[in-house]
4 protein chains.
Amino acid sequence: MVVSPPKTAPGRRTASKAERRLQLIKATIRSIAKRGLSETTMAAVAGEARLSQGIINLHFQSKERLLIETLRYVADEYRATWEKALQGAGNSNAERLEALVYADFSKPVCDRNKLSVWFAFWGESKSRPTYRKICAERDREYDEMLTDLCAGLIAEGPYPGVDPALVATGLASMSEGLWLDLLVDPDSMSPEKAMRVYQVYLAGMFPKHFAY
Amino acid sequence: MVVSPPKTAPGRRTASKAERRLQLIKATIRSIAKRGLSETTMAAVAGEARLSQGIINLHFQSKERLLIETLRYVADEYRATWEKALQGAGNSNAERLEALVYADFSKPVCDRNKLSVWFAFWGESKSRPTYRKICAERDREYDEMLTDLCAGLIAEGPYPGVDPALVATGLASMSEGLWLDLLVDPDSMSPEKAMRVYQVYLAGMFPKHFAY
Amino acid sequence: MVVSPPKTAPGRRTASKAERRLQLIKATIRSIAKRGLSETTMAAVAGEARLSQGIINLHFQSKERLLIETLRYVADEYRATWEKALQGAGNSNAERLEALVYADFSKPVCDRNKLSVWFAFWGESKSRPTYRKICAERDREYDEMLTDLCAGLIAEGPYPGVDPALVATGLASMSEGLWLDLLVDPDSMSPEKAMRVYQVYLAGMFPKHFAY
Amino acid sequence: MVVSPPKTAPGRRTASKAERRLQLIKATIRSIAKRGLSETTMAAVAGEARLSQGIINLHFQSKERLLIETLRYVADEYRATWEKALQGAGNSNAERLEALVYADFSKPVCDRNKLSVWFAFWGESKSRPTYRKICAERDREYDEMLTDLCAGLIAEGPYPGVDPALVATGLASMSEGLWLDLLVDPDSMSPEKAMRVYQVYLAGMFPKHFAY
DNA sequence: AATGAATGAGGGTTCATTCAT
DNA sequence: CATGAATGAACCCTCATTCAT
C-alpha cells in the first residue's frame, strides 16, 4: 500500500505564512480606505481580517513594516497591471498607449480603496523617506516606459519639436490628478470620463494617431 | 481637584485672536510638512509656534478644528492666488491662461510645505467628509473658471470638436499630478519643468495660441 | 503613529476577567476612601491595584463605568448583607429587626471605606442620574422590606395609630445619619453607640418588643 | 456750602468685597447642585456669577478656599436658622423642639441645592480634614443644643431610663437621613413627609409631649 | 502558529492659576 | 477692581507591542 503524500499540506489547520500576510495586507487596504491611515490601528486591521490582536506583530514585526509592505503590494500590483496591459496590446505604439489608458482607469487600478492607499501614502511621503522612495521608484519606472512609447509615437508622425519626456510626464501626471478627482469628487468624475479627458490630450498631442 | 499652578510666568505675549490663530495655522502647516499629518501632535504644533500646550484648545477648541481651519486656510490662499493672477493678467484668454500656469507653479503655491498639506488632507479625505467637502469645493471652483477660459479660447480658434470642460479638467488634473511629482520626487521635477510640461499640453491643444 | 514598545515585561500575572474586575473595584473603594472621589484618578486606582495604567480601560472601557460598577458592587453587597442577616435570624419579627440593626452596624457595612463610597456617590447623585438611580433603588428595596417588618410588629402589639411606612423610613434614615456620624466624627461615634441610638428608637416605638 | 458725604459709597462702579464674595459663594452652591462638586470648575462658578475667569482667585486666592468658604457659609446659615427658630419659639421645651423640626425641613434648609452642597462635602470629608472639621463642628453644636433640650423634656416627663444624648443623636441622624431621601429620591420624599416621620419618632419617645 | 490580557508611553484635552492690560 | 489670554501639569484614554498560554 502506497500512501501518496499530500500535495498541499492538507491537514494544516493554519494558513501558510504567505497567505496570512496577504490576508493582512488586504485588510490594511480596506482599513485605510474605510478609516484613513491615521485611524488605521493594529486592532482595526486585525479585526478587519477577523484575526487576533497579536497576529500582525507575528507576521510583520511592526506596524511600520506592515504599512510599507502594503504600499509595496499596491505598487507591485500597479506595475503588474500595466505590464500585462502592454503584453495584451497590439504591436503599434498607438495601440499600446491606448491599452495603458484603459489599464489606468480599469476597475482594479482606480478602485477607490486602492486610490485611498496611494493618496494616504503620498500624504505622508514628504516626511517618510521610505514611502517616498517606493513612490518615486514607481513613478520613474512608469515614466521611462511611457517616455519610450511617446518617443516611438513621435518618431512615427509629423510632431516636430515635441519632447517625449515632457509628454510622458504630462500624461502620467494627468492620470494622478484624475485619480484624485475620482477619490475626492466621485460624483462629478468617473473612470469613463477620466478616460475621455485623457483621450482629449492624446488627440491634441498626436492628431495623426488619435481622434477626439 | 488637582492644583497645579504655573511655576513660571514666562514670556507672555499678547496678540489678537486672529493673529494667534494665524500663527497656529502656520505652525500646523510647518509641522505637517516636517512630520506628516499622522505625527503632527498638539504638542508639536504648539512647540512649532513656541507657545504652550493648552493654546490650541483655547483658540480652536479641538485638534480637528485646527486641522480643518488649516485646510481651509490653504484652500482660500490658493483661490486668492489665482484670482489675483487673473486680475493682473492681460485681457486675452491666452494671457489669462498663461497667468494661471504661472500662478500654479509660483513659489507660494507649489512650496513643498503647502503641497504636503494638500496631499495630507487628500490622503484622509475618503474617510473624512469634512475634508473632502472642502477639497471638492476648491476643485469645482477652479474647474468652472478654467472651463470658461477654455471655452473662450476654443471660440476664438479653429479647434473643432474640443470640449472645454474636458480640457479644463485635464489641465487641472495635470497640475495636481505635477504637484505630486514635486512632492515625491523633487530631484527630477521642478516648478520650471512642471511649467514646461503644462506648456506642451497647451501648445498641443491650442496651437494657434501657444507654441512649444 | 508613535511606536512605544514596553521596555520591560514585568510580573505579568494572568487572572480571570471577573477577578481583575473585582480587584479593580476594591482598589477603587480604597482610593475613594483614601483620596476622595475627586482625587481618585485612573492612575491612583491602577496603582492601588498594583497594575498598569491601561488596565482599567481594558476591563471597564471608561472611568465612568468603573465608578458605576463600584457603586453597584457596594449596593449589591449591602443588600446581600441584610438578606443574609434575615436568613440567619429567628422567626419573630422582633428578632429579624434586631438582626437588621446588627447588620447595619456590622464591620463590613459600616467600615469607613465603604461609608466613604456611599457618601461620595450620594454627594454627586443630584447631578448624576445614573448614580441616583442606583441609590434610590437600594433605598426602595430596603424600605419595602423594613415596612413589612414594622407592619408585622405593629400588628402584634398595642401600637395604635402607628404607620409602619413612616417608622420604617425613620429607621432607615436614622441608619444613614448614624453612618454619617461614623464617617465625619469617628471620635464621638462608634458602631456600638450607633446601635444604642437605634435601640432607643426601637424601645420608644415598640416598648412591648424592645427595651432600653 | 456743606458737601454731605455719601453714606454708602455711591459712585462705586464695583461691588464691595463682601458682596462679591457672597455672589461667588452663591454661584458655587448653584454650580455644585447643577454639576456636582467634581465638575464644578472655576470657570463654571465664574460663569454662573456672570463674571470673569480670574475673579475667584482675586477674591478667594484659590479654589480650595472658595470651597471651604462655601461650606462654612452653608454651615453658618444652618446654625443661624435653628438659632432663629429657637428665638421665635415659645418657652416650653416641647415648643422649642417642635420649632427645630420645622426649621430642619423649612424651604431654605432643605432646598435641594443646599442639600447637594452638604452631601458633596460629606462625600469628600473622609479625605479632607478641613471639611470634616467644619462638618463635625456643626454636628457637635447642634447635638449639644438638642441634648439640652431633650434633657429638659425628659426631666419634665415620666421617661425613665431615657438617655437624652442618645435621643438627640438619633433625632439629628434622622434629619440627615431624611435629607438624603430628599436629595436622592425626591419623588417619594417631601419635606412634609419628612416632618411626619420625625413626628412619629417624637411621639414614640415622648408620648406625654407629642402625639402622632 | 495563534491568542488576547497586560503594559506604559504618549496622545488630546481640561482647568487652576497668573498677569498684562 | 476686573478681565481674559496664556500657561503647563495632570487628567483620561488609546494603542503598538509583548508574552504566557
# chains A, B, ... in the order shown; residues from 1 in each chain; ligands from 1
>>> interface_residues(of="chain E", to="chain A", cutoff="9 Å", atoms="only C-alpha atoms (C1' of nucleotides)", output="PDB file with N, CA and C atoms (P, O5', C5', C4', C3', O3' and C1' of nucleotides), in the first residue's frame")
ATOM      1  P    DA E   1       5.299  29.861  13.006  1.00  0.00           P
ATOM      2  O5'  DA E   1       3.788  29.338  13.119  1.00  0.00           O
ATOM      3  C5'  DA E   1       3.071  28.643  12.091  1.00  0.00           C
ATOM      4  C4'  DA E   1       1.605  28.714  12.458  1.00  0.00           C
ATOM      5  C3'  DA E   1       1.059  30.129  12.402  1.00  0.00           C
ATOM      6  O3'  DA E   1      -0.312  30.052  12.014  1.00  0.00           O
ATOM      7  C1'  DA E   1       1.001  29.340  14.643  1.00  0.00           C
ATOM      8  P    DA E   2      -1.212  31.349  11.911  1.00  0.00           P
ATOM      9  O5'  DA E   2      -1.720  31.549  13.407  1.00  0.00           O
ATOM     10  C5'  DA E   2      -2.646  30.603  13.939  1.00  0.00           C
ATOM     11  C4'  DA E   2      -3.104  31.055  15.291  1.00  0.00           C
ATOM     12  C3'  DA E   2      -3.545  32.520  15.358  1.00  0.00           C
ATOM     13  O3'  DA E   2      -4.942  32.512  15.647  1.00  0.00           O
ATOM     14  C1'  DA E   2      -2.196  31.903  17.230  1.00  0.00           C
ATOM     15  P    DT E   3      -5.738  33.861  15.888  1.00  0.00           P
ATOM     16  O5'  DT E   3      -5.673  34.012  17.454  1.00  0.00           O
ATOM     17  C5'  DT E   3      -6.291  33.030  18.275  1.00  0.00           C
ATOM     18  C4'  DT E   3      -6.046  33.360  19.720  1.00  0.00           C
ATOM     19  C3'  DT E   3      -6.566  34.727  20.149  1.00  0.00           C
ATOM     20  O3'  DT E   3      -7.654  34.513  21.019  1.00  0.00           O
ATOM     21  C1'  DT E   3      -4.399  34.276  21.027  1.00  0.00           C
ATOM     22  P    DG E   4      -8.864  35.566  21.123  1.00  0.00           P
ATOM     23  O5'  DG E   4      -8.367  36.430  22.365  1.00  0.00           O
ATOM     24  C5'  DG E   4      -8.105  35.785  23.610  1.00  0.00           C
ATOM     25  C4'  DG E   4      -7.333  36.737  24.503  1.00  0.00           C
ATOM     26  C3'  DG E   4      -7.817  38.189  24.476  1.00  0.00           C
ATOM     27  O3'  DG E   4      -7.562  38.771  25.743  1.00  0.00           O
ATOM     28  C1'  DG E   4      -5.606  38.161  23.896  1.00  0.00           C
TER      29       DG E   4
END
>>> closest_atom_pairs(of="segment 30-148 of chain C", to="chain F", cutoff="10 Å", atoms="only C-alpha atoms (C1' of nucleotides)", output="tab-separated table")
residue	atom	partner	partner_atom	distance
C:Thr41	CA	F:DC11	C1'	7.7
C:Met42	CA	F:DC12	C1'	7.4
C:Ala43	CA	F:DC11	C1'	9.4
C:Gln53	CA	F:DC13	C1'	9.8
C:Gly54	CA	F:DC13	C1'	8.1
C:Ile56	CA	F:DC13	C1'	9.9
C:Asn57	CA	F:DC13	C1'	7.4
C:Gln61	CA	F:DC13	C1'	9.0
C:Ser62	CA	F:DC13	C1'	7.9
C:Lys63	CA	F:DC12	C1'	7.7
>>> residues_around(residues="Val117 of chain A", least_positions_apart="2", cutoff="9 Å", atoms="only C-alpha atoms (C1' of nucleotides)", output="PyMOL selection string")
(chain A and resi 29-30+32-33+36-37+70-71+74+112-115+119-122) or (chain B and resi 123)
>>> residues_around(residues="segment 140-149 of chain D", least_positions_apart="4", cutoff="7 Å", atoms="only C-alpha atoms (C1' of nucleotides)", output="ChimeraX atom specification")
/D:93,136,153,164-165,168-169
>>> write_last_selection(atoms="N, CA and C atoms", output="PDB file, in the first residue's frame")
ATOM      1  N   ASN D  93     -40.070  73.443  76.378  1.00  0.00           N
ATOM      2  CA  ASN D  93     -39.139  72.587  75.643  1.00  0.00           C
ATOM      3  C   ASN D  93     -39.814  71.938  74.443  1.00  0.00           C
ATOM      4  N   ALA D 136     -17.970  68.394  61.474  1.00  0.00           N
ATOM      5  CA  ALA D 136     -18.041  67.837  62.826  1.00  0.00           C
ATOM      6  C   ALA D 136     -18.419  68.916  63.833  1.00  0.00           C
ATOM      7  N   LEU D 153     -36.789  67.984  78.432  1.00  0.00           N
ATOM      8  CA  LEU D 153     -38.039  67.276  78.160  1.00  0.00           C
ATOM      9  C   LEU D 153     -38.159  66.051  79.047  1.00  0.00           C
ATOM     10  N   PRO D 164     -30.756  61.314  77.247  1.00  0.00           N
ATOM     11  CA  PRO D 164     -31.006  62.445  76.342  1.00  0.00           C
ATOM     12  C   PRO D 164     -29.984  62.528  75.206  1.00  0.00           C
ATOM     13  N   ALA D 165     -28.738  62.198  75.478  1.00  0.00           N
ATOM     14  CA  ALA D 165     -27.716  62.281  74.423  1.00  0.00           C
ATOM     15  C   ALA D 165     -28.031  61.333  73.278  1.00  0.00           C
ATOM     16  N   ALA D 168     -31.016  62.631  71.320  1.00  0.00           N
ATOM     17  CA  ALA D 168     -30.610  63.781  70.500  1.00  0.00           C
ATOM     18  C   ALA D 168     -29.843  63.324  69.263  1.00  0.00           C
ATOM     19  N   THR D 169     -28.899  62.453  69.465  1.00  0.00           N
ATOM     20  CA  THR D 169     -28.133  61.945  68.324  1.00  0.00           C
ATOM     21  C   THR D 169     -29.049  61.250  67.325  1.00  0.00           C
TER      22      THR D 169
END
>>> residues_around(residues="Trp82 of chain B", least_positions_apart="4", cutoff="12 Å", atoms="only C-alpha atoms (C1' of nucleotides)", output="count of residues only")
27
>>> interface_residues(of="chain A", to="chain B", cutoff="8 Å", atoms="only C-alpha atoms", output="VMD selection string")
chain A and resid 33 to 38 116 to 128 132 135 to 136 161 to 162 166 to 167 169 to 178 180 to 181 183 to 185 196 to 198 200 to 201 204 to 205 212
>>> write_last_selection(atoms="C-alpha atoms", output="PDB file, in the first residue's frame")
ATOM      1  CA  ALA A  33      -9.971  53.212   2.758  1.00  0.00           C
ATOM      2  CA  LYS A  34     -12.591  52.940   5.452  1.00  0.00           C
ATOM      3  CA  ARG A  35     -10.934  54.792   8.312  1.00  0.00           C
ATOM      4  CA  GLY A  36      -7.992  56.647   6.809  1.00  0.00           C
ATOM      5  CA  LEU A  37      -4.369  55.993   7.562  1.00  0.00           C
ATOM      6  CA  SER A  38      -4.383  57.994  10.775  1.00  0.00           C
ATOM      7  CA  SER A 116      -7.125  55.854  -0.868  1.00  0.00           C
ATOM      8  CA  VAL A 117      -3.994  53.916  -0.173  1.00  0.00           C
ATOM      9  CA  TRP A 118      -1.987  55.790  -2.774  1.00  0.00           C
ATOM     10  CA  PHE A 119      -3.051  59.169  -1.504  1.00  0.00           C
ATOM     11  CA  ALA A 120      -2.623  58.148   2.099  1.00  0.00           C
ATOM     12  CA  PHE A 121       0.994  57.304   1.482  1.00  0.00           C
ATOM     13  CA  TRP A 122       1.630  60.249  -0.793  1.00  0.00           C
ATOM     14  CA  GLY A 123       0.289  62.419   2.002  1.00  0.00           C
ATOM     15  CA  GLU A 124       2.887  61.120   4.386  1.00  0.00           C
ATOM     16  CA  SER A 125       5.676  60.800   1.866  1.00  0.00           C
ATOM     17  CA  LYS A 126       7.368  64.131   2.440  1.00  0.00           C
ATOM     18  CA  SER A 127       8.272  63.160   5.995  1.00  0.00           C
ATOM     19  CA  ARG A 128       8.821  59.443   5.308  1.00  0.00           C
ATOM     20  CA  ARG A 132       8.784  58.412  -0.832  1.00  0.00           C
ATOM     21  CA  CYS A 135       6.514  56.017  -4.698  1.00  0.00           C
ATOM     22  CA  ALA A 136       9.322  57.678  -6.616  1.00  0.00           C
ATOM     23  CA  GLY A 161       9.655  69.803 -31.582  1.00  0.00           C
ATOM     24  CA  VAL A 162       7.695  67.596 -29.158  1.00  0.00           C
ATOM     25  CA  LEU A 166       7.613  66.080 -21.213  1.00  0.00           C
ATOM     26  CA  VAL A 167       4.623  64.492 -22.865  1.00  0.00           C
ATOM     27  CA  THR A 169       5.351  63.233 -17.607  1.00  0.00           C
ATOM     28  CA  GLY A 170       2.281  65.193 -18.552  1.00  0.00           C
ATOM     29  CA  LEU A 171       0.304  62.054 -19.226  1.00  0.00           C
ATOM     30  CA  ALA A 172       1.402  60.366 -16.028  1.00  0.00           C
ATOM     31  CA  SER A 173       0.603  63.493 -14.031  1.00  0.00           C
ATOM     32  CA  MET A 174      -2.794  63.753 -15.599  1.00  0.00           C
ATOM     33  CA  SER A 175      -3.582  60.217 -14.525  1.00  0.00           C
ATOM     34  CA  GLU A 176      -2.691  61.043 -10.961  1.00  0.00           C
ATOM     35  CA  GLY A 177      -4.769  64.190 -10.998  1.00  0.00           C
ATOM     36  CA  LEU A 178      -7.723  62.296 -12.405  1.00  0.00           C
ATOM     37  CA  LEU A 180      -7.577  62.481  -7.181  1.00  0.00           C
ATOM     38  CA  ASP A 181     -10.839  63.623  -8.711  1.00  0.00           C
ATOM     39  CA  LEU A 183     -11.224  59.979  -4.834  1.00  0.00           C
ATOM     40  CA  VAL A 184     -12.360  63.414  -3.786  1.00  0.00           C
ATOM     41  CA  ASP A 185     -15.313  64.099  -6.009  1.00  0.00           C
ATOM     42  CA  ARG A 196     -12.218  60.858 -22.209  1.00  0.00           C
ATOM     43  CA  VAL A 197     -10.155  63.609 -20.625  1.00  0.00           C
ATOM     44  CA  TYR A 198      -7.079  61.588 -21.278  1.00  0.00           C
ATOM     45  CA  VAL A 200      -8.532  64.668 -25.452  1.00  0.00           C
ATOM     46  CA  TYR A 201      -4.927  65.159 -24.506  1.00  0.00           C
ATOM     47  CA  GLY A 204      -4.445  67.098 -29.192  1.00  0.00           C
ATOM     48  CA  MET A 205      -0.843  65.937 -28.999  1.00  0.00           C
ATOM     49  CA  TYR A 212     -11.423  63.065 -30.154  1.00  0.00           C
TER      50      TYR A 212
END
>>> atom_distance(atom1="atom CA of Glu192 of chain D", atom2="atom CA of Cys150 of chain D")
22.8 Å
>>> atom_distance(atom1="atom CA of Gly157 of chain A", atom2="atom CA of Ala94 of chain B")
27.3 Å
>>> atom_distance(atom1="atom CA of Ala46 of chain A", atom2="atom C1' of DT7 of chain E")
19.4 Å
>>> select_by_dssp(residues="chain D", states="helix (DSSP H, G or I)", output="number ranges by chain")
D: 17-35, 37-39, 42-48, 55-60, 63-88, 93-104, 107-110, 112-125, 129-156, 164-184, 191-205
>>> closest_residue(among="A:Phe210, A:Gly152, A:Met195, A:Ala44", to="chain F", atoms="only C-alpha atoms (C1' of nucleotides)")
A:Ala44
